[in-house]
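final18.csv, holding CSV, C-alpha atoms and all ligand atoms:
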```csv
chain,number,residue,atom,x,y,z
A,560,MET,CA,0.0,0.0,0.0
A,561,LYS,CA,2.8,2.3,1.1
A,562,GLN,CA,4.8,1.3,-1.9
A,563,SER,CA,2.0,2.0,-4.4
A,564,ARG,CA,1.3,5.4,-2.9
A,565,LYS,CA,5.0,6.2,-3.3
A,566,ARG,CA,4.9,5.1,-6.9
A,567,SER,CA,1.9,7.3,-7.7
A,568,LYS,CA,3.8,10.2,-6.1
A,569,ILE,CA,6.7,9.6,-8.4
A,570,ALA,CA,4.3,9.3,-11.4
A,571,THR,CA,2.8,12.6,-10.4
A,572,ALA,CA,6.2,14.2,-10.2
A,573,ALA,CA,7.0,12.9,-13.7
A,574,VAL,CA,3.8,14.3,-15.1
A,575,LEU,CA,4.5,17.7,-13.5
A,576,ALA,CA,8.1,17.6,-14.8
A,577,ALA,CA,6.8,16.8,-18.3
A,578,GLY,CA,4.3,19.7,-18.1
A,579,LEU,CA,7.1,22.1,-17.1
A,580,GLY,CA,9.3,20.8,-19.9
A,581,LEU,CA,11.8,19.2,-17.5
A,582,MET,CA,11.7,15.7,-18.8
A,583,GLY,CA,15.2,14.4,-19.6
A,584,THR,CA,16.7,16.0,-16.5
A,585,ALA,CA,16.6,14.3,-13.2
A,586,VAL,CA,14.2,16.4,-11.1
A,587,SER,CA,16.1,15.9,-7.9
A,588,ALA,CA,19.6,16.2,-9.3
A,589,LYS,CA,21.6,19.0,-7.7
A,590,THR,CA,25.1,20.5,-7.6
A,591,VAL,CA,27.1,19.7,-4.5
A,592,GLN,CA,30.0,21.9,-3.6
A,593,VAL,CA,33.0,20.1,-2.1
A,594,THR,CA,36.3,21.7,-1.1
A,595,PHE,CA,39.3,19.8,0.2
A,596,VAL,CA,42.4,21.6,1.6
A,597,ALA,CA,45.6,19.5,1.5
A,598,LYS,CA,47.3,19.7,4.8
A,599,GLU,CA,50.7,18.2,5.6
A,600,THR,CA,50.3,17.9,9.3
A,601,SER,CA,50.9,15.6,12.3
A,602,VAL,CA,47.9,13.4,13.2
A,603,VAL,CA,47.2,10.8,15.9
A,604,ILE,CA,47.2,7.2,14.6
A,605,ALA,CA,46.9,5.2,17.8
A,606,ASN,CA,44.7,5.2,20.8
A,607,ASP,CA,47.7,5.9,23.0
A,608,GLY,CA,48.3,9.2,21.2
A,609,THR,CA,51.2,8.2,18.9
A,610,THR,CA,51.5,10.8,16.2
A,611,TYR,CA,52.5,10.5,12.5
A,612,PRO,CA,53.7,13.1,10.0
A,613,ALA,CA,50.7,12.7,7.8
A,614,TRP,CA,49.6,14.2,4.5
A,615,THR,CA,45.9,14.7,4.6
A,616,PHE,CA,42.7,16.2,3.1
A,617,ASP,CA,41.6,18.8,5.7
A,618,GLY,CA,43.9,17.5,8.5
A,619,MET,CA,42.2,14.2,9.0
A,620,ILE,CA,42.7,10.5,8.1
A,621,PRO,CA,40.5,9.6,6.3
A,622,GLY,CA,39.3,12.8,4.7
A,623,LYS,CA,35.6,13.8,5.1
A,624,VAL,CA,32.8,11.7,3.9
A,625,VAL,CA,31.4,13.0,0.6
A,626,ARG,CA,27.8,11.8,0.0
A,627,VAL,CA,25.7,12.6,-3.1
A,628,LYS,CA,22.9,11.1,-5.0
A,629,GLU,CA,23.3,9.3,-8.4
A,630,GLY,CA,22.9,12.1,-11.0
A,631,ASP,CA,24.2,14.9,-8.8
A,632,VAL,CA,27.1,17.1,-10.1
A,633,VAL,CA,30.0,17.4,-7.7
A,634,ASP,CA,31.6,20.9,-8.0
A,635,PHE,CA,35.0,20.2,-6.5
A,636,LYS,CA,37.9,22.4,-5.4
A,637,LEU,CA,41.3,21.1,-4.2
A,638,VAL,CA,43.3,23.8,-2.4
A,639,ASN,CA,47.0,23.2,-2.0
A,640,PRO,CA,48.2,25.9,0.4
A,641,ARG,CA,51.6,27.7,-0.2
A,642,GLU,CA,53.0,26.3,3.1
A,643,ASN,CA,52.9,22.7,1.8
A,644,LYS,CA,56.1,21.1,0.4
A,645,ASN,CA,54.5,18.8,-2.1
A,646,SER,CA,52.1,18.7,-5.0
A,647,HIS,CA,48.9,16.9,-4.3
A,648,SER,CA,45.9,15.8,-6.4
A,649,ILE,CA,42.5,14.2,-6.2
A,650,ASP,CA,41.4,11.0,-7.8
A,651,PHE,CA,37.7,10.3,-7.2
A,652,HIS,CA,36.9,6.8,-8.3
A,653,ALA,CA,33.3,7.9,-8.8
A,654,ALA,CA,34.3,10.3,-11.6
A,655,GLU,CA,34.7,9.6,-15.3
A,656,VAL,CA,37.0,12.3,-16.5
A,657,ASP,CA,40.6,12.8,-17.7
A,658,VAL,CA,43.5,11.5,-15.5
A,659,LEU,CA,45.8,14.1,-17.1
A,660,ASP,CA,43.4,17.0,-16.6
A,661,GLU,CA,41.1,16.8,-13.6
A,662,PHE,CA,43.4,14.4,-11.6
A,663,ALA,CA,46.6,16.3,-12.4
A,664,PRO,CA,48.9,17.3,-9.6
A,665,VAL,CA,48.3,20.7,-8.0
A,666,LYS,CA,51.4,22.6,-6.8
A,667,PRO,CA,51.7,24.4,-3.4
A,668,GLY,CA,49.9,27.8,-3.7
A,669,GLU,CA,47.6,26.5,-6.5
A,670,THR,CA,43.9,25.4,-6.6
A,671,LYS,CA,42.2,22.9,-8.9
A,672,HIS,CA,38.5,23.3,-9.7
A,673,PHE,CA,36.4,21.0,-11.8
A,674,GLN,CA,33.0,19.3,-11.9
A,675,PHE,CA,31.9,15.8,-12.5
A,676,LYS,CA,28.6,14.0,-12.6
A,677,ALA,CA,28.2,11.0,-10.2
A,678,LYS,CA,26.5,8.8,-12.8
A,679,ARG,CA,26.8,5.4,-11.1
A,680,ALA,CA,25.4,4.5,-7.7
A,681,GLY,CA,27.8,2.9,-5.3
A,682,VAL,CA,30.6,3.5,-2.9
A,683,TYR,CA,34.0,4.7,-4.1
A,684,MET,CA,37.4,5.5,-2.8
A,685,TYR,CA,39.0,8.9,-3.3
A,686,HIS,CA,42.7,9.5,-2.9
A,687,CYS,CA,45.6,11.7,-3.8
A,688,GLY,CA,47.3,10.4,-6.9
A,689,ALA,CA,50.4,12.7,-6.9
A,690,ALA,CA,53.8,11.0,-7.3
A,691,THR,CA,54.7,8.9,-5.5
A,692,MET,CA,51.1,7.7,-5.2
A,693,ALA,CA,51.9,4.9,-2.7
A,694,GLN,CA,53.4,7.4,-0.3
A,695,HIS,CA,50.6,10.0,-0.7
A,696,ILE,CA,48.0,7.2,0.1
A,697,ALA,CA,50.1,5.7,2.9
A,698,ARG,CA,50.5,9.1,4.5
A,699,GLY,CA,46.8,9.5,4.7
A,700,MET,CA,45.3,11.1,1.6
A,701,TYR,CA,42.2,9.0,1.1
A,702,GLY,CA,38.5,8.8,1.9
A,703,ILE,CA,35.1,7.7,0.7
A,704,ILE,CA,32.4,9.1,-1.7
A,705,ILE,CA,29.0,7.5,-1.3
A,706,VAL,CA,26.7,7.8,-4.4
A,707,ASP,CA,23.3,6.9,-3.1
A,708,PRO,CA,21.0,5.3,-5.8
A,709,LYS,CA,18.5,7.6,-7.3
A,710,GLU,CA,15.7,5.0,-6.9
A,711,GLY,CA,16.2,5.1,-3.1
A,712,TYR,CA,15.5,2.1,-1.0
A,713,SER,CA,13.8,-1.1,-2.2
A,714,LYS,CA,13.2,-4.7,-1.3
A,715,LYS,CA,16.6,-5.5,-2.8
A,716,TYR,CA,18.2,-2.5,-1.0
A,717,PRO,CA,16.3,-2.0,2.3
A,718,LYS,CA,16.6,1.1,4.4
A,719,PRO,CA,19.2,0.4,7.1
A,720,ASP,CA,18.7,1.2,10.8
A,721,ARG,CA,22.3,2.4,11.2
A,722,GLU,CA,25.2,3.1,8.9
A,723,TYR,CA,28.9,3.1,9.4
A,724,VAL,CA,31.9,4.0,7.2
A,725,LEU,CA,35.0,1.8,7.8
A,726,ILE,CA,38.1,2.7,5.8
A,727,GLN,CA,41.2,0.5,6.3
A,728,GLY,CA,44.7,1.7,5.6
A,729,GLN,CA,48.2,0.6,6.1
A,730,TYR,CA,50.6,2.3,8.6
A,731,PHE,CA,54.2,2.6,7.6
A,732,PRO,CA,56.2,4.2,10.5
A,733,ASP,CA,59.0,5.3,8.1
A,734,ALA,CA,57.0,8.0,6.3
A,735,GLU,CA,59.9,8.8,3.9
A,736,ASP,CA,60.6,5.3,2.7
A,737,LYS,CA,58.5,5.2,-0.6
A,738,VAL,CA,60.2,2.0,-1.8
A,739,ALA,CA,59.2,0.1,1.4
A,740,MET,CA,55.6,1.3,0.8
A,741,ILE,CA,55.6,0.1,-2.8
A,742,GLU,CA,57.3,-3.2,-1.8
A,743,ASN,CA,55.0,-3.7,1.3
A,744,ARG,CA,58.0,-3.8,3.7
A,745,GLY,CA,58.0,-2.4,7.2
A,746,TRP,CA,54.3,-1.8,7.7
A,747,ALA,CA,53.5,-1.8,11.4
A,748,GLY,CA,49.8,-1.2,11.6
A,749,SER,CA,46.3,-1.4,10.1
A,750,LEU,CA,44.4,1.9,10.5
A,751,ILE,CA,40.6,1.7,10.8
A,752,ASN,CA,39.3,5.2,10.1
A,753,GLY,CA,42.8,6.5,10.8
A,754,VAL,CA,43.6,4.8,14.1
A,755,MET,CA,44.8,1.2,14.9
A,756,PHE,CA,42.1,-0.7,16.9
A,757,HIS,CA,40.0,2.5,16.7
A,758,TYR,CA,36.9,0.8,18.0
A,759,ASP,CA,38.3,-2.2,19.8
A,760,PRO,CA,38.8,-1.9,23.6
A,761,VAL,CA,39.1,-5.7,23.7
A,762,HIS,CA,42.5,-5.7,22.1
A,763,ASP,CA,43.6,-2.2,23.0
A,764,PRO,CA,42.6,-0.9,26.5
A,765,ASP,CA,43.3,2.7,25.3
A,766,ALA,CA,40.4,2.5,22.8
A,767,SER,CA,37.5,4.7,23.8
A,768,LEU,CA,34.9,4.0,21.2
A,769,VAL,CA,32.9,1.0,19.9
A,770,LEU,CA,30.2,1.0,17.2
A,771,GLU,CA,26.6,0.6,18.5
A,772,ALA,CA,23.3,-0.7,17.3
A,773,LYS,CA,20.2,-2.4,18.8
A,774,PRO,CA,19.6,-6.1,18.6
A,775,GLY,CA,18.0,-7.1,15.3
A,776,GLU,CA,18.8,-3.8,13.5
A,777,ARG,CA,20.1,-3.8,10.0
A,778,VAL,CA,23.6,-2.2,10.2
A,779,ARG,CA,25.1,-1.1,6.9
A,780,PHE,CA,28.8,-0.7,6.5
A,781,TYR,CA,30.4,1.2,3.7
A,782,PHE,CA,33.9,-0.3,3.5
A,783,VAL,CA,36.9,1.0,1.6
A,784,ASN,CA,40.2,-0.8,1.2
A,785,ALA,CA,42.8,2.0,1.2
A,786,ASN,CA,45.7,-0.4,1.8
A,787,ILE,CA,48.8,0.0,-0.4
A,788,ASN,CA,49.2,-3.6,-1.2
A,789,MET,CA,47.0,-5.9,0.9
A,790,PRO,CA,43.5,-7.2,0.0
A,791,VAL,CA,41.1,-7.3,2.9
A,792,ALA,CA,39.1,-10.5,4.0
A,793,LEU,CA,36.2,-8.7,5.6
A,794,HIS,CA,34.4,-11.0,8.1
A,795,PRO,CA,31.9,-10.1,10.9
A,796,ILE,CA,32.9,-12.5,13.7
A,797,ALA,CA,29.8,-14.1,15.3
A,798,GLY,CA,27.7,-13.1,12.3
A,799,ILE,CA,27.2,-13.6,8.6
A,800,TRP,CA,26.8,-10.8,6.1
A,801,ASP,CA,23.1,-10.7,5.3
A,802,ARG,CA,24.0,-8.9,2.0
A,803,VAL,CA,27.1,-7.7,0.3
A,804,TYR,CA,26.6,-5.1,-2.5
A,805,ILE,CA,29.7,-5.3,-4.7
A,806,ASN,CA,31.0,-1.7,-5.3
A,807,GLY,CA,28.0,-0.6,-3.2
A,808,ASN,CA,25.5,-0.9,-6.1
A,809,PRO,CA,22.1,-2.3,-5.2
A,810,GLU,CA,22.1,-4.3,-8.4
A,811,ASN,CA,25.3,-6.2,-7.4
A,812,VAL,CA,23.8,-8.1,-4.4
A,813,LEU,CA,25.1,-11.2,-2.8
A,814,TYR,CA,23.3,-13.0,0.1
A,815,ASP,CA,24.6,-14.8,3.1
A,816,VAL,CA,28.3,-14.3,2.8
A,817,GLN,CA,30.9,-15.2,5.6
A,818,THR,CA,33.9,-13.4,4.2
A,819,TYR,CA,34.2,-11.1,1.2
A,820,ASN,CA,37.5,-10.3,-0.3
A,821,VAL,CA,37.9,-6.5,-1.0
A,822,ALA,CA,40.7,-5.7,-3.4
A,823,VAL,CA,43.1,-2.8,-3.0
A,824,ALA,CA,41.2,0.4,-3.9
A,825,GLU,CA,37.8,-1.4,-3.9
A,826,ALA,CA,34.9,-0.3,-1.8
A,827,SER,CA,31.7,-2.3,-1.1
A,828,THR,CA,28.6,-2.2,1.1
A,829,PHE,CA,27.9,-4.8,3.8
A,830,ASP,CA,24.7,-5.4,5.7
A,831,LEU,CA,24.7,-7.1,9.1
A,832,VAL,CA,21.6,-8.1,11.0
A,833,SER,CA,22.1,-9.3,14.6
A,834,PRO,CA,19.8,-11.6,16.5
A,835,ALA,CA,16.7,-9.6,17.7
A,836,ASP,CA,16.1,-11.6,20.9
A,837,ARG,CA,19.4,-11.0,22.8
A,838,PRO,CA,22.2,-8.5,23.1
A,839,THR,CA,25.3,-9.6,21.1
A,840,ASN,CA,28.6,-8.4,19.9
A,841,ASN,CA,30.3,-8.7,16.6
A,842,ALA,CA,34.0,-8.1,15.7
A,843,ILE,CA,34.3,-6.8,12.2
A,844,VAL,CA,37.8,-8.0,11.1
A,845,ASP,CA,40.1,-8.3,8.3
A,846,HIS,CA,40.5,-12.1,8.7
A,847,THR,CA,44.0,-11.7,7.2
A,848,MET,CA,45.7,-12.2,10.6
A,849,SER,CA,48.7,-10.0,9.9
A,850,ALA,CA,46.3,-7.1,9.5
A,851,ALA,CA,43.8,-8.1,12.3
A,852,MET,CA,46.5,-8.3,14.9
A,853,ARG,CA,47.9,-5.0,13.7
A,854,GLY,CA,44.7,-3.1,14.3
A,855,ALA,CA,42.0,-4.2,11.8
A,856,ILE,CA,39.4,-5.2,14.4
A,857,THR,CA,36.2,-3.2,15.1
A,858,VAL,CA,33.7,-4.1,17.8
A,859,LEU,CA,30.0,-3.6,17.1
A,860,MET,CA,27.8,-3.9,20.3
A,861,ASN,CA,24.2,-4.8,19.6
A,862,LYS,CA,22.5,-3.7,22.8
A,863,PRO,CA,19.0,-2.4,23.8
A,864,ASP,CA,20.4,0.9,25.1
A,865,ALA,CA,22.4,1.8,22.0
A,866,ASP,CA,22.9,5.5,21.6
A,867,PRO,CA,20.1,6.6,19.2
A,868,LYS,CA,22.5,9.0,17.5
A,869,ALA,CA,25.2,6.4,16.8
A,870,GLY,CA,25.4,5.4,13.1
A,871,ARG,CA,23.0,8.1,12.0
A,872,GLY,CA,23.1,11.5,10.3
A,873,ASP,CA,26.6,12.9,10.7
A,874,ASN,CA,27.7,10.1,13.0
A,875,ILE,CA,28.5,7.5,10.4
A,876,LEU,CA,32.3,7.9,10.7
A,877,PRO,CA,33.0,8.4,14.4
A,878,ARG,CA,36.4,9.8,15.3
A,879,ALA,CA,37.9,9.3,18.7
A,880,THR,CA,39.3,12.4,20.4
A,881,ILE,CA,42.8,11.4,21.4
A,882,GLU,CA,45.4,13.7,23.0
A,883,PRO,CA,48.7,13.5,21.0
A,884,LYS,CA,51.8,12.4,22.9
A,885,GLY,CA,55.5,12.9,22.2
A,886,ILE,CA,57.1,15.2,19.8
A,887,VAL,CA,54.6,16.7,17.3
A,888,SER,CA,56.3,17.3,13.9
A,889,ALA,CA,55.7,20.6,12.3
A,890,HIS,CA,55.2,19.2,8.9
A,901,CU,CU,49.1,14.1,-1.9
```

What would you get if you wrote out this structure as structure tokens?
Amino acid sequence: MKQSRKRSKIATAAVLAAGLGLMGTAVSAKTVQVTFVAKETSVVIANDGTTYPAWTFDGMIPGKVVRVKEGDVVDFKLVNPRENKNSHSIDFHAAEVDVLDEFAPVKPGETKHFQFKAKRAGVYMYHCGAATMAQHIARGMYGIIIVDPKEGYSKKYPKPDREYVLIQGQYFPDAEDKVAMIENRGWAGSLINGVMFHYDPVHDPDASLVLEAKPGERVRFYFVNANINMPVALHPIAGIWDRVYINGNPENVLYDVQTYNVAVAEASTFDLVSPADRPTNNAIVDHTMSAAMRGAITVLMNKPDADPKAGRGDNILPRATIEPKGIVSAH
């Protein structure tokens, strides 16, 4: 009943649009302004306050969540302030443009401005692609752009009760050793949203956050593999992925999956539904043990008193507030 009312509303909108001569353009498509400022700055990468001389978008690892609707135009600016020492760039995996034009390096003191239309629904990585790319990604220049489907929710793509972004990256303590990054040598940690064991007080007593939901809720994870060289074997310990949407597109749905392999620079969407009749916990892990034990474990608590704000609105990528310790590098 609800569904058919919704359909008739859409039909009405189409008739109105036709009457106004708007057919052929998506009625709800809009232009979304996004600005990133490249910042070469120290950031905290562990719950104990360990800092790292990062390169970032806007001073954070990962950069901010960009969320648009299929058909929207992204009007994008990358500012590379004069104080920086390096050229930086942007590579939106959701954009179909020219690598030598839109994605070209931007020198310190310059700004790049371009537009692209987000034509295909899904979840996509973005990152800096300036040379040496492995180093610019390893030092923190990456994030997610979510392109929500223009059709909205459906039986195949139900509305989730909570949503969380999880972005996994590799931590190379020697920030200058580009060759080690390319060759996968010397990596010491797995960052989840920029911090090792970010949401895992079980393995790291300094961790201050967990992810929360209520028993029986559908929790949707938007996952990006921002590693330099390692695929991710994403598994929800004590659960089974109810659905996996490859590349986050509702058309690419898999049901009942224990572990899904996420390639480097791939992003996908994962739905988890916990038992409704009892409180439970899941540990979302990269089942690749060398990564799990270096930080790629996230606790999801499914409890009746879950914070109603958790995993909703602007709280889909929670960031722990951690005091930095030790010497903070100026660059
Ligand atoms: Cu860069």

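From CA of Glu661 in chain A back to CA of Lys636 in chain A, the distance works out to 10.4 Å.
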
Would you name the residues within 10 Å of ligand CU 901 (chain A), counting all atoms listed in the file, and put them as a PyMOL selection string?
chain A and resi 597-599+613-616+639+645-649+664-665+686-701

One number please: CA of Ile856 in chain A to CA of Ala824 in chain A, in Å, one decimal.
19.2 Å

Interatomic distance, CA of Pro667 in chain A to CA of Glu642 in chain A (Å, one decimal)
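We find that CA of Pro667 in chain A and CA of Glu642 in chain A lie 6.9 Å from each other.
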
Identify, on the basis of only C-alpha atoms, every residue whose closest approach to Ile703 in chain A does not exceed 6 Å; exclude the query and any residue fewer than 3 positions from it along the same chain; express the result as JSON, numbers by chain.
{"A": [624, 683, 684, 685]}

Fewer than 4 positions away in the same chain doesn't count, so skip those; otherwise give me all residues within 9 Å of range 807-811 of chain A, counting only C-alpha atoms, as a VMD selection string.
chain A and resid 679 to 683 705 to 708 712 to 713 715 to 716 781 to 782 803 826 to 829

What's around Asn788 in chain A at 12 Å? Count all atoms listed in the file, leave out sequence neighbours fewer than 6 positions away in its own chain, and write the answer as a list of chain:residue names.
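Skipping anything fewer than 6 positions along the chain leaves A:Ala693, A:Gln694, A:Ile696, A:Ala697, A:Gln727, A:Gly728, A:Gln729, A:Tyr730, A:Phe731, A:Ala739, A:Met740, A:Ile741, A:Glu742, A:Asn743, A:Arg744, A:Trp746, A:Ser749, A:Val821, A:Ala822, A:Val823, A:Ala824, A:Glu825, A:Ala850.
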
Deliver the residues from the most recent selection as a file, using C-alpha atoms, as a PDB file, keeping the file's coordinate frame.
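Output file selection.pdb is given in full below:
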```pdb
ATOM      1  CA  ALA A 693      51.900   4.900  -2.700  1.00  0.00           C
ATOM      2  CA  GLN A 694      53.400   7.400  -0.300  1.00  0.00           C
ATOM      3  CA  ILE A 696      48.000   7.200   0.100  1.00  0.00           C
ATOM      4  CA  ALA A 697      50.100   5.700   2.900  1.00  0.00           C
ATOM      5  CA  GLN A 727      41.200   0.500   6.300  1.00  0.00           C
ATOM      6  CA  GLY A 728      44.700   1.700   5.600  1.00  0.00           C
ATOM      7  CA  GLN A 729      48.200   0.600   6.100  1.00  0.00           C
ATOM      8  CA  TYR A 730      50.600   2.300   8.600  1.00  0.00           C
ATOM      9  CA  PHE A 731      54.200   2.600   7.600  1.00  0.00           C
ATOM     10  CA  ALA A 739      59.200   0.100   1.400  1.00  0.00           C
ATOM     11  CA  MET A 740      55.600   1.300   0.800  1.00  0.00           C
ATOM     12  CA  ILE A 741      55.600   0.100  -2.800  1.00  0.00           C
ATOM     13  CA  GLU A 742      57.300  -3.200  -1.800  1.00  0.00           C
ATOM     14  CA  ASN A 743      55.000  -3.700   1.300  1.00  0.00           C
ATOM     15  CA  ARG A 744      58.000  -3.800   3.700  1.00  0.00           C
ATOM     16  CA  TRP A 746      54.300  -1.800   7.700  1.00  0.00           C
ATOM     17  CA  SER A 749      46.300  -1.400  10.100  1.00  0.00           C
ATOM     18  CA  VAL A 821      37.900  -6.500  -1.000  1.00  0.00           C
ATOM     19  CA  ALA A 822      40.700  -5.700  -3.400  1.00  0.00           C
ATOM     20  CA  VAL A 823      43.100  -2.800  -3.000  1.00  0.00           C
ATOM     21  CA  ALA A 824      41.200   0.400  -3.900  1.00  0.00           C
ATOM     22  CA  GLU A 825      37.800  -1.400  -3.900  1.00  0.00           C
ATOM     23  CA  ALA A 850      46.300  -7.100   9.500  1.00  0.00           C
TER      24      ALA A 850
END
```

Name the closest residue to Thr610 in chain A among the candidates A:Val754, A:Trp800, A:Tyr819, A:Met848; distances are taken between atoms, counting only C-alpha atoms.
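Among the listed residues, A:Val754 lies closest to Thr610 in chain A.
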
Proximity check range 753-858 of chain A to range 873-885 of chain A, 12 Å, nearest pairs one decimal Å, all atoms listed in the file, as JSON lines:
```
{"residue": "A:Gly753", "atom": "CA", "partner": "A:Arg878", "partner_atom": "CA", "distance": 8.5}
{"residue": "A:Val754", "atom": "CA", "partner": "A:Ala879", "partner_atom": "CA", "distance": 8.6}
{"residue": "A:Met755", "atom": "CA", "partner": "A:Ala879", "partner_atom": "CA", "distance": 11.3}
{"residue": "A:Phe756", "atom": "CA", "partner": "A:Ala879", "partner_atom": "CA", "distance": 11.0}
{"residue": "A:His757", "atom": "CA", "partner": "A:Ala879", "partner_atom": "CA", "distance": 7.4}
{"residue": "A:Tyr758", "atom": "CA", "partner": "A:Ala879", "partner_atom": "CA", "distance": 8.6}
{"residue": "A:Asp759", "atom": "CA", "partner": "A:Ala879", "partner_atom": "CA", "distance": 11.6}
{"residue": "A:Asp765", "atom": "CA", "partner": "A:Ile881", "partner_atom": "CA", "distance": 9.5}
{"residue": "A:Ala766", "atom": "CA", "partner": "A:Ala879", "partner_atom": "CA", "distance": 8.3}
{"residue": "A:Ser767", "atom": "CA", "partner": "A:Ala879", "partner_atom": "CA", "distance": 6.9}
{"residue": "A:Leu768", "atom": "CA", "partner": "A:Ala879", "partner_atom": "CA", "distance": 6.6}
{"residue": "A:Val769", "atom": "CA", "partner": "A:Pro877", "partner_atom": "CA", "distance": 9.2}
{"residue": "A:Leu770", "atom": "CA", "partner": "A:Pro877", "partner_atom": "CA", "distance": 8.4}
{"residue": "A:Glu771", "atom": "CA", "partner": "A:Ile875", "partner_atom": "CA", "distance": 10.8}
{"residue": "A:Ala772", "atom": "CA", "partner": "A:Ile875", "partner_atom": "CA", "distance": 11.9}
{"residue": "A:Val778", "atom": "CA", "partner": "A:Ile875", "partner_atom": "CA", "distance": 10.9}
{"residue": "A:Arg779", "atom": "CA", "partner": "A:Ile875", "partner_atom": "CA", "distance": 9.9}
{"residue": "A:Phe780", "atom": "CA", "partner": "A:Ile875", "partner_atom": "CA", "distance": 9.1}
{"residue": "A:Tyr781", "atom": "CA", "partner": "A:Ile875", "partner_atom": "CA", "distance": 9.4}
{"residue": "A:Phe782", "atom": "CA", "partner": "A:Leu876", "partner_atom": "CA", "distance": 11.0}
```

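The protein and nucleic acid residues lying at most 7 Å from Pro838 in chain A are Pro774, Asn861, Lys862 and Pro863 of chain A, with all atoms listed in the file considered and sequence neighbours fewer than 4 positions away removed.
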
Need a file for range 786-800 of chain A from that block: C-alpha atoms, written as an mmCIF file, in the first residue's frame.
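The new file out_39.cif reads:
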```cif
data_model
loop_
_atom_site.group_PDB
_atom_site.id
_atom_site.type_symbol
_atom_site.label_atom_id
_atom_site.label_comp_id
_atom_site.auth_asym_id
_atom_site.auth_seq_id
_atom_site.Cartn_x
_atom_site.Cartn_y
_atom_site.Cartn_z
ATOM 1 C CA ASN A 786 45.718 -0.352 1.801
ATOM 2 C CA ILE A 787 48.765 0.035 -0.409
ATOM 3 C CA ASN A 788 49.246 -3.639 -1.221
ATOM 4 C CA MET A 789 46.986 -5.890 0.877
ATOM 5 C CA PRO A 790 43.514 -7.184 0.005
ATOM 6 C CA VAL A 791 41.062 -7.342 2.929
ATOM 7 C CA ALA A 792 39.147 -10.483 3.966
ATOM 8 C CA LEU A 793 36.188 -8.747 5.601
ATOM 9 C CA HIS A 794 34.353 -10.966 8.068
ATOM 10 C CA PRO A 795 31.856 -10.149 10.861
ATOM 11 C CA ILE A 796 32.920 -12.502 13.688
ATOM 12 C CA ALA A 797 29.841 -14.114 15.289
ATOM 13 C CA GLY A 798 27.724 -13.064 12.332
ATOM 14 C CA ILE A 799 27.161 -13.589 8.604
ATOM 15 C CA TRP A 800 26.845 -10.757 6.104
#
```
